[in-house]
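These notes concern the structure reproduced below.
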Protein chains: 2
Amino acid sequence: MPDRYDVVVVGAGIMGVASAYYLQKNNPEKRVLVVDRYGAVGQGNTGRSNAMFRNTFSSSDNQILANSSIEFYLHLQEELKTDVGLQAIGYLWLMDEPQLVKSEPFLKRMEGNGIRTTRYYRDDLRRRLPSMVMELGGNEVAEMIGLPDVDGAIFGPKCGRLDPDKLARFYADEFVKAGGKFAFNSNVKALLVGPSRRLGIEGEPLVWQETKFEGVSLSGSAEQTVLSDAIVLASGAWLNEVLEPIGIDGHVKAKKRQLFSVYAAGRAMEELLHARGFNRLGLAPMTILPRAGVHFKPVSEENCFWIGCEDEINRPFVDVPEHDLDRYQAENEYYQRSMLPVLSSYFPDFAGAKMKAMWAGLYAYNTLDNLPFVFRSQNLIVVGGDSGSGIMKGDSLGRIVDSIYRGEEEASLFGEVRYNVSKLGFEERDVEPEMWTL
Amino acid sequence: MPDRYDVVVVGAGIMGVASAYYLQKNNPEKRVLVVDRYGAVGQGNTGRSNAMFRNTFSSSDNQILANSSIEFYLHLQEELKTDVGLQAIGYLWLMDEPQLVKSEPFLKRMEGNGIRTTRYYRDDLRRRLPSMVMELGGNEVAEMIGLPDVDGAIFGPKCGRLDPDKLARFYADEFVKAGGKFAFNSNVKALLVGPSRRLGIEGEPLVWQETKFEGVSLSGSAEQTVLSDAIVLASGAWLNEVLEPIGIDGHVKAKKRQLFSVYAAGRAMEELLHARGFNRLGLAPMTILPRAGVHFKPVSEENCFWIGCEDEINRPFVDVPEHDLDRYQAENEYYQRSMLPVLSSYFPDFAGAKMKAMWAGLYAYNTLDNLPFVFRSQNLIVVGGDSGSGIMKGDSLGRIVDSIYRGEEEASLFGEVRYNVSKLGFEERDVEPEMWTL
C-alpha cells in the first residue's frame, strides 16, 4: 500500500462507501483510500441494522435527505437492475386519537414537500389486519401498562426495507471500478495533526502554530502511517474515539439497540406476514405500535418477523464504544419484558412465537436534533450522527461530503435536488429538528 | 441526614451553590440539600480557576448573563460590604490591525447592550506599558512564530478578578442561613430513575413506562440513598459521569487547562505589575496577547503574575474525567514551549521570571456555541457547559435554575433584567454563539 493519498476515508460502513464513491467518481484524478478495521464493507453497524427506509419525517431536512436517497435506490433496483434487496412494503404507524392529532402538522409539512401519506381508519385496518386487537378493554396486561386503543393509522407508501450488504457492496464495487482502493483489517489509531508550516522544533504543533491534518496512523494488518491531503471521517459510533484525543467534539453518543427475529408459525402469523392491501408484494408493512416505538417488519424469505423498539431514558450511552461488537449482546429478557407485553396486546399471536435469532448494534445519536451532520475542520470532513437512519440517507450524505470536499456551497442530490451543505454543519447549522418518534 | 428532600443539588461549585441559594431563598418551604464529593464548597474546578470576570463577549446572551452577575458581585462587595476579592482591573486585548477590524462588529453589539469598551492606540499603550515590545521586526523567535505587531488594543473596564472561594462561601453561608443543608464527602454514584407509576414488577422502569427521577445514590461518608422530588445537576466537568449511564447527553467535553504563577522580580516586572492608567487600583489589567490567547494577570498580594493560554485542536478531551483532580498536572514544558515564546516576545522581562507555582483544572466546554446551558428533563434540571466562564455568570445561572424549577418562563436577573429561560435549553435553544476568542 502506498503511503500517500489525496483523500483517506475512515470507515467502510454505508456513509464511508457512499462518500468514497462520490469522491472518486467526481474527482477521478484524485487517489482515494478507504480504511476499515473489519475485513469487508458494511461489517460494523451497517450490517447489524434493521435497514429500513422511509421518507416520512417531521423535519424537512430529513425528508429531503431520505427521499432523494430512496429515489436513487429505487433507480438502482428498478432502472439499473442492480439488486439492493429493496422491498417497498410501506410503514404503518398505529395510533390513538391524540397521536393522530399530534402528527397532523408533520403530515402537512410532508405534503408540502411532496411526500405522500395515507390516513387509515379503524375499518381499513380491521379489513387488512384481522388478527389485530384494536380495543384493549378487558386485557389486564394492557390496562396495567396503560396501552391506548388503536384509533387509526398513518401509512407511508414510499418506505420499506433494503439489504444493507448489497447496498454497501454496490458503492464499494463502483468505487473500485472508478480507481479507488480499500485497506481492510486496518484500524485507525489516530488522526495525525501537524503544523501548517513545520519548523523542525520539538513538540510541534505548539499552541501558537496553525495546524492541519496530515493523515492517519494504522494498526492491524497494515501497521503504518498513511499521509493524505484530506481525511473523511465516517466511523459512525466510533467518531469520538479518534476525535477526543485531539480535542474535537464528535457530536455523537452511541447506544446499544437490539433486534429480535421470531418465526411466523401458524396460520394467523402467516396471514399477518402476507397481509394484503398495503403493497404490491402482498406483505405486511413495517408496523409501529402506539407505545415505546415497538415495531415489527416482515422478512418473508426467512418466514420471520424482526422486532425492535425505541429506547428512551435509562439505557446507557457508551461513550467510546468497544471495537468488538460482540461486546453488545441482545437480551432475551429485554424482549420478554419490554417489547412482548406491548406487542402481544395488539397482536396476541406473537405471545407464543419462537425466537430464531437476536442481535445488537450501536446507534450513533446526534442528541441535538436527531439529524445527521457533515462538518469540516480544516482539511478534515466528519459525517455522522445519523441517529439510526443513516442507510436511508447514505446516498445524499455521500454526495454532500463530496461537495464539501470540492468547496461547493450546494450539493446536487439525486433527482436534481439542490441542498445547501452548510445546513448540516455546526457553525451555521440550520435544520428542522426531528420530532417524529418511530 | 434525612433520606428525603424536595431538591437535591449535585455539586458545590459556583453553579451548584448559586443555584442552591436561589432555590432555598425563593422557596423557603422546600428542603434543599447540596451534595458534593469534596469536603467543602468550591474544591473542584471552581477553586482551580483563574476566576476572572468580564462583560465583553461577542454573544449578547453571554453579555447579559455575565454583566448582570458582575453587577451583583459589585453590589455584594461595594454596597453590602461582603468581600468577594473583587478587583476591577480591566481586560486589555492587544491586537494587530486585522484583529482590531474583526472585533468591530462585536464591539458594536456590546455598545448596543450598554457595554462600554475603549480603543487604545499605540501611543496610549506605549505610555502605559513602557516595557512592552510592539514592533517585533528583528526578533528571530517572533519571526519564526510569525507573531504580529501590536497595532492597538481593546480595553474593557467592567472586567477583572475575584476570589472564587470567597464567592462560593458567600452563597453557601446564605444558603445555610436560609435553611439549606450540605452533605460533603458524598459522591453521587447514580441518579435514580424510576417509573412514574410503580407496578411492583421486575426490571422497572421498563421501556413502555414513563419515568421520573427519584433521587441519588451516594457513596463516601454517607453511603445511602437520598430521595427527592427534583434534582439539580451542577457537577461541571463531571455531568456525563451520571448522565451517560441513563442515556442523557450532558453536552459537555472536559479539557485540562493550566495556569502558571511567576514572580514579578526586578524593577521592570514590578512596574508592569503596578502599571498605571488602567484602573483605580494602579495594577496592570488582565492582558491578552495577539496569539493563542496567551495572557497574564497581576496578583499583587503574591507579587506574581498568573499566566495561561487558549487551547485549540490537538489537546485531548477527557470524556468522563477522573474524580481526583491531582490526575491533571500542569506541564512545565507546556509553559516553556507554548506560552513563553509568545509572552517574552512582547514582554521580554518574563523570559527569566522564576516560577512560583503551576496547577491544572478542567474546563467543561459546550462545544456547540461556547455558552452555558440550563435544560430540564422531567424533574431533573442540568446546568453547565460554561466553557471556562462559569464563575462570572454564576449568579445569573443560579437564578435561571430557580426559575426553571418554579416553572417560570422568564428569570429575573440582578438589576431587573428579564431573561427567557428556554433560550438556554436545547429544545428551543436561541443564543448567539460566542465568537470572541480570549
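Chain labels A, B, ... are given in the sequence in which chains occur in the C-alpha cells; within each chain residues are numbered consecutively from 1, and ligands are likewise numbered from 1 in the order shown.
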
Give me the chain B side of the contact with chain A, cut-off 9 Å, one line per residue showing its nearest atom pair and distance in Å at one decimal, counting only C-alpha atoms, sorted by chain and residue number, as a tab-separated table.
```
residue	atom	partner	partner_atom	distance
B:Met144	CA	A:Leu199	CA	7.8
B:Ile145	CA	A:Gln209	CA	7.2
B:Gly146	CA	A:Gln209	CA	8.8
B:Leu147	CA	A:Trp208	CA	8.8
B:Val193	CA	A:Asn314	CA	6.9
B:Gly194	CA	A:Asn314	CA	8.9
B:Leu199	CA	A:Met144	CA	7.9
B:Glu202	CA	A:Arg337	CA	8.6
B:Gly203	CA	A:Arg337	CA	8.0
B:Pro205	CA	A:Asn314	CA	8.1
B:Leu206	CA	A:Ser338	CA	5.6
B:Val207	CA	A:Ser338	CA	5.3
B:Trp208	CA	A:Ala292	CA	5.2
B:Gln209	CA	A:Ile145	CA	7.2
B:Thr211	CA	A:Ile313	CA	7.7
B:Leu243	CA	A:Pro316	CA	8.3
B:Glu244	CA	A:Phe317	CA	5.0
B:Pro245	CA	A:Pro316	CA	4.1
B:Ile246	CA	A:Asn314	CA	4.0
B:Gly247	CA	A:Pro316	CA	4.4
B:Ile248	CA	A:Ile313	CA	6.7
B:Asp249	CA	A:Thr367	CA	6.7
B:His251	CA	A:His251	CA	8.6
B:Lys253	CA	A:Asp249	CA	7.3
B:Lys255	CA	A:Gly247	CA	7.8
B:Arg291	CA	A:Trp208	CA	6.3
B:Ala292	CA	A:Trp208	CA	5.2
B:Gly293	CA	A:Trp208	CA	8.8
B:Val294	CA	A:Trp208	CA	8.9
B:Cys309	CA	A:Val207	CA	8.3
B:Glu310	CA	A:Val207	CA	7.8
B:Asp311	CA	A:Val207	CA	6.5
B:Glu312	CA	A:Val207	CA	7.0
B:Ile313	CA	A:Gly247	CA	5.5
B:Asn314	CA	A:Ile246	CA	4.0
B:Arg315	CA	A:Ile246	CA	5.2
B:Pro316	CA	A:Pro245	CA	4.1
B:Phe317	CA	A:Gly247	CA	4.9
B:Val318	CA	A:Glu244	CA	7.1
B:Asp319	CA	A:Glu244	CA	7.6
B:Val320	CA	A:Asp319	CA	8.7
B:Tyr334	CA	A:Leu206	CA	8.6
B:Arg337	CA	A:Leu206	CA	7.1
B:Ser338	CA	A:Val207	CA	5.3
B:Met339	CA	A:Val207	CA	7.7
B:Pro341	CA	A:Trp208	CA	8.9
B:Val342	CA	A:Trp208	CA	7.6
B:Thr367	CA	A:Asp249	CA	6.7
B:Leu368	CA	A:Phe426	CA	7.0
B:Asp369	CA	A:Glu427	CA	8.2
B:Phe426	CA	A:Leu368	CA	7.0
B:Glu427	CA	A:Leu368	CA	8.0
B:Pro433	CA	A:Glu427	CA	8.7
```

* Asked: Got a sec: who's within 9 Å of Leu100 (chain A), counting only C-alpha atoms, leaving out chain neighbours fewer than 3 positions off, as a list of chain:residue names?
  ->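 With the cut-off at 9 Å, the set is A:Leu94, A:Met95, A:Asp96, A:Glu97, A:Ser103, A:Glu104, A:Asp151, A:Gly152, A:Ala153, A:Ile154.
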
* Asked: Which residues in region 48-104 of chain B does DSSP call helix (DSSP H, G or I)? List them as a PyMOL selection string.
  -> chain B and resi 48+60-79+97-104

Please save C-alpha atoms of the selected residues as a PDB file, in the first residue's frame.
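Final output, saved to selection_11.pdb:
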```pdb
ATOM      1  CA  ARG B  48      -8.631  25.914  40.386  1.00  0.00           C
ATOM      2  CA  SER B  60     -25.462  39.148  23.556  1.00  0.00           C
ATOM      3  CA  ASP B  61     -26.552  36.244  25.748  1.00  0.00           C
ATOM      4  CA  ASN B  62     -23.109  35.950  27.297  1.00  0.00           C
ATOM      5  CA  GLN B  63     -23.018  39.732  27.727  1.00  0.00           C
ATOM      6  CA  ILE B  64     -26.320  39.716  29.600  1.00  0.00           C
ATOM      7  CA  LEU B  65     -25.543  36.680  31.773  1.00  0.00           C
ATOM      8  CA  ALA B  66     -22.102  37.993  32.738  1.00  0.00           C
ATOM      9  CA  ASN B  67     -22.946  41.664  33.076  1.00  0.00           C
ATOM     10  CA  SER B  68     -25.827  41.021  35.429  1.00  0.00           C
ATOM     11  CA  SER B  69     -23.733  38.648  37.561  1.00  0.00           C
ATOM     12  CA  ILE B  70     -20.879  41.165  37.711  1.00  0.00           C
ATOM     13  CA  GLU B  71     -23.352  43.859  38.788  1.00  0.00           C
ATOM     14  CA  PHE B  72     -24.418  41.552  41.609  1.00  0.00           C
ATOM     15  CA  TYR B  73     -20.828  40.848  42.670  1.00  0.00           C
ATOM     16  CA  LEU B  74     -20.094  44.598  42.644  1.00  0.00           C
ATOM     17  CA  HIS B  75     -23.234  45.122  44.710  1.00  0.00           C
ATOM     18  CA  LEU B  76     -22.031  42.484  47.161  1.00  0.00           C
ATOM     19  CA  GLN B  77     -18.573  43.950  47.535  1.00  0.00           C
ATOM     20  CA  GLU B  78     -19.320  47.673  47.379  1.00  0.00           C
ATOM     21  CA  GLU B  79     -22.796  48.054  48.828  1.00  0.00           C
ATOM     22  CA  GLU B  97      -4.858  45.619  12.700  1.00  0.00           C
ATOM     23  CA  PRO B  98      -6.787  42.622  11.250  1.00  0.00           C
ATOM     24  CA  GLN B  99      -7.863  41.575  14.747  1.00  0.00           C
ATOM     25  CA  LEU B 100      -8.979  45.114  15.521  1.00  0.00           C
ATOM     26  CA  VAL B 101     -11.079  45.141  12.354  1.00  0.00           C
ATOM     27  CA  LYS B 102     -12.513  41.712  13.125  1.00  0.00           C
ATOM     28  CA  SER B 103     -13.600  42.845  16.587  1.00  0.00           C
ATOM     29  CA  GLU B 104     -15.595  45.841  15.336  1.00  0.00           C
TER      30      GLU B 104
END
```

* To do: Can you list, as a ChimeraX atom specification, all residues belonging to region 50-198 of chain B that DSSP tags as strand (DSSP E)?
  => /B:52-53,91-95,118-121,152-156,160-161,181-183,186-195

Include N, CA and C atoms and write out the residues we just selected as a PDB file, in the first residue's frame.
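The new file out22.pdb reads:
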```
ATOM      1  N   MET B  52     -11.479  34.997  36.640  1.00  0.00           N
ATOM      2  CA  MET B  52     -11.585  36.316  36.042  1.00  0.00           C
ATOM      3  C   MET B  52     -13.063  36.571  35.714  1.00  0.00           C
ATOM      4  N   PHE B  53     -13.387  37.847  35.544  1.00  0.00           N
ATOM      5  CA  PHE B  53     -14.738  38.166  35.070  1.00  0.00           C
ATOM      6  C   PHE B  53     -14.650  39.251  34.014  1.00  0.00           C
ATOM      7  N   TYR B  91      -9.749  44.332  31.368  1.00  0.00           N
ATOM      8  CA  TYR B  91      -9.159  43.382  30.416  1.00  0.00           C
ATOM      9  C   TYR B  91      -8.582  44.199  29.274  1.00  0.00           C
ATOM     10  N   LEU B  92      -7.400  43.825  28.834  1.00  0.00           N
ATOM     11  CA  LEU B  92      -6.749  44.518  27.722  1.00  0.00           C
ATOM     12  C   LEU B  92      -6.383  43.509  26.634  1.00  0.00           C
ATOM     13  N   TRP B  93      -7.079  43.605  25.492  1.00  0.00           N
ATOM     14  CA  TRP B  93      -6.748  42.726  24.366  1.00  0.00           C
ATOM     15  C   TRP B  93      -5.791  43.454  23.431  1.00  0.00           C
ATOM     16  N   LEU B  94      -4.567  42.999  23.373  1.00  0.00           N
ATOM     17  CA  LEU B  94      -3.596  43.551  22.431  1.00  0.00           C
ATOM     18  C   LEU B  94      -3.842  42.918  21.066  1.00  0.00           C
ATOM     19  N   MET B  95      -3.896  43.726  20.030  1.00  0.00           N
ATOM     20  CA  MET B  95      -4.306  43.211  18.718  1.00  0.00           C
ATOM     21  C   MET B  95      -3.475  43.824  17.602  1.00  0.00           C
ATOM     22  N   THR B 118     -13.050  50.592  25.454  1.00  0.00           N
ATOM     23  CA  THR B 118     -12.238  51.704  24.985  1.00  0.00           C
ATOM     24  C   THR B 118     -11.228  51.180  23.983  1.00  0.00           C
ATOM     25  N   ARG B 119     -10.998  51.937  22.922  1.00  0.00           N
ATOM     26  CA  ARG B 119      -9.969  51.588  21.956  1.00  0.00           C
ATOM     27  C   ARG B 119      -8.690  52.328  22.341  1.00  0.00           C
ATOM     28  N   TYR B 120      -7.609  51.571  22.501  1.00  0.00           N
ATOM     29  CA  TYR B 120      -6.308  52.187  22.756  1.00  0.00           C
ATOM     30  C   TYR B 120      -5.472  52.137  21.481  1.00  0.00           C
ATOM     31  N   TYR B 121      -4.739  53.214  21.260  1.00  0.00           N
ATOM     32  CA  TYR B 121      -3.826  53.269  20.115  1.00  0.00           C
ATOM     33  C   TYR B 121      -2.400  53.021  20.611  1.00  0.00           C
ATOM     34  N   GLY B 152      -2.744  48.065  18.391  1.00  0.00           N
ATOM     35  CA  GLY B 152      -3.701  48.759  19.256  1.00  0.00           C
ATOM     36  C   GLY B 152      -4.259  47.769  20.262  1.00  0.00           C
ATOM     37  N   ALA B 153      -5.323  48.170  20.939  1.00  0.00           N
ATOM     38  CA  ALA B 153      -5.909  47.294  21.955  1.00  0.00           C
ATOM     39  C   ALA B 153      -7.358  47.686  22.210  1.00  0.00           C
ATOM     40  N   ILE B 154      -8.101  46.722  22.729  1.00  0.00           N
ATOM     41  CA  ILE B 154      -9.447  46.980  23.234  1.00  0.00           C
ATOM     42  C   ILE B 154      -9.377  46.818  24.743  1.00  0.00           C
ATOM     43  N   PHE B 155      -9.924  47.774  25.450  1.00  0.00           N
ATOM     44  CA  PHE B 155      -9.919  47.713  26.913  1.00  0.00           C
ATOM     45  C   PHE B 155     -11.349  47.620  27.431  1.00  0.00           C
ATOM     46  N   GLY B 156     -11.591  46.650  28.298  1.00  0.00           N
ATOM     47  CA  GLY B 156     -12.897  46.508  28.936  1.00  0.00           C
ATOM     48  C   GLY B 156     -12.773  46.858  30.405  1.00  0.00           C
ATOM     49  N   GLY B 160     -12.346  42.000  35.449  1.00  0.00           N
ATOM     50  CA  GLY B 160     -11.323  41.899  36.474  1.00  0.00           C
ATOM     51  C   GLY B 160     -11.241  40.521  37.074  1.00  0.00           C
ATOM     52  N   ARG B 161     -10.832  40.479  38.332  1.00  0.00           N
ATOM     53  CA  ARG B 161     -10.672  39.205  39.028  1.00  0.00           C
ATOM     54  C   ARG B 161     -11.479  39.224  40.311  1.00  0.00           C
ATOM     55  N   LYS B 181     -29.146  22.613  53.538  1.00  0.00           N
ATOM     56  CA  LYS B 181     -28.195  21.672  54.146  1.00  0.00           C
ATOM     57  C   LYS B 181     -27.132  21.250  53.131  1.00  0.00           C
ATOM     58  N   PHE B 182     -25.959  20.928  53.643  1.00  0.00           N
ATOM     59  CA  PHE B 182     -24.880  20.358  52.829  1.00  0.00           C
ATOM     60  C   PHE B 182     -24.584  18.929  53.264  1.00  0.00           C
ATOM     61  N   ALA B 183     -24.216  18.090  52.301  1.00  0.00           N
ATOM     62  CA  ALA B 183     -23.611  16.788  52.618  1.00  0.00           C
ATOM     63  C   ALA B 183     -22.304  16.731  51.831  1.00  0.00           C
ATOM     64  N   SER B 186     -19.513  13.310  49.930  1.00  0.00           N
ATOM     65  CA  SER B 186     -20.574  12.411  49.474  1.00  0.00           C
ATOM     66  C   SER B 186     -20.592  12.425  47.955  1.00  0.00           C
ATOM     67  N   ASN B 187     -20.198  11.304  47.396  1.00  0.00           N
ATOM     68  CA  ASN B 187     -20.090  11.202  45.950  1.00  0.00           C
ATOM     69  C   ASN B 187     -21.382  10.638  45.364  1.00  0.00           C
ATOM     70  N   VAL B 188     -21.939  11.311  44.369  1.00  0.00           N
ATOM     71  CA  VAL B 188     -23.149  10.792  43.724  1.00  0.00           C
ATOM     72  C   VAL B 188     -22.742   9.699  42.739  1.00  0.00           C
ATOM     73  N   LYS B 189     -23.130   8.479  43.062  1.00  0.00           N
ATOM     74  CA  LYS B 189     -22.801   7.344  42.190  1.00  0.00           C
ATOM     75  C   LYS B 189     -23.745   7.269  41.015  1.00  0.00           C
ATOM     76  N   ALA B 190     -25.012   7.585  41.269  1.00  0.00           N
ATOM     77  CA  ALA B 190     -26.020   7.430  40.215  1.00  0.00           C
ATOM     78  C   ALA B 190     -27.221   8.314  40.486  1.00  0.00           C
ATOM     79  N   LEU B 191     -27.863   8.752  39.408  1.00  0.00           N
ATOM     80  CA  LEU B 191     -29.194   9.343  39.514  1.00  0.00           C
ATOM     81  C   LEU B 191     -30.182   8.188  39.431  1.00  0.00           C
ATOM     82  N   LEU B 192     -31.140   8.193  40.321  1.00  0.00           N
ATOM     83  CA  LEU B 192     -32.095   7.086  40.370  1.00  0.00           C
ATOM     84  C   LEU B 192     -33.297   7.392  39.480  1.00  0.00           C
ATOM     85  N   VAL B 193     -33.513   6.520  38.513  1.00  0.00           N
ATOM     86  CA  VAL B 193     -34.642   6.673  37.601  1.00  0.00           C
ATOM     87  C   VAL B 193     -35.669   5.596  37.939  1.00  0.00           C
ATOM     88  N   GLY B 194     -36.896   5.998  38.122  1.00  0.00           N
ATOM     89  CA  GLY B 194     -37.953   5.036  38.421  1.00  0.00           C
ATOM     90  C   GLY B 194     -39.155   5.270  37.537  1.00  0.00           C
ATOM     91  N   PRO B 195     -40.126   4.374  37.606  1.00  0.00           N
ATOM     92  CA  PRO B 195     -41.355   4.565  36.825  1.00  0.00           C
ATOM     93  C   PRO B 195     -42.212   5.653  37.458  1.00  0.00           C
TER      94      PRO B 195
END
```

* **Option closest in space to Gln329 (chain A), from A:Gly180, A:Gly425, A:Gly361, A:Gly384 [counting only C-alpha atoms]** => A:Gly361

* Asked: Suppose you want the space between CA of Trp238 (chain B) and CA of Pro372 (chain B); what is it in Å?
  -> 14.7 Å

* Asked: What does the distance between CA of Met286 (chain A) and CA of Glu140 (chain A) come to in Å, to one decimal place?
  ->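 Between these atoms lies a distance of 26.7 Å.
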
* Go through B:Asn420, B:Ser235, B:Gln258, B:Asn303 and flag the residue nearest Ser49 (chain B), using only C-alpha atoms for the distances. =>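 Going through B:Asn420, B:Ser235, B:Gln258, B:Asn303 one by one, the smallest distance to Ser49 (chain B) is for B:Gln258.
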
* Shell of 12 Å around Arg267 (chain B), only C-alpha atoms, local chain residues under 6 positions omitted, as a list in words ->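 The contact residues come out as Ser131, Leu273, His274, Ala275, Asn303 and Asp349 of chain B.
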
* Asked: From the set B:Arg126, B:Arg429, B:Arg169, B:Lys356, which residue has the shortest atom-to-atom contact distance to Leu259 (chain B), counting only C-alpha atoms?
  ->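 Of the candidates, the smallest distance to Leu259 (chain B) is held by B:Lys356.
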
* **One-decimal distance in Å that lies between CA of Gln336 (chain A) and CA of Cys304 (chain A)** =>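 Answer for the CA of Cys304 (chain A) to CA of Gln336 (chain A) separation: 17.3 Å.
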
* For each of A:Gly277, A:Pro148, A:Gly85, A:Gly11, take the minimum atom-to-atom distance to Arg127 (chain A), counting only C-alpha atoms, then give the residue where this is smallest. =>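 Closest to Arg127 (chain A) of all the choices is A:Gly277.
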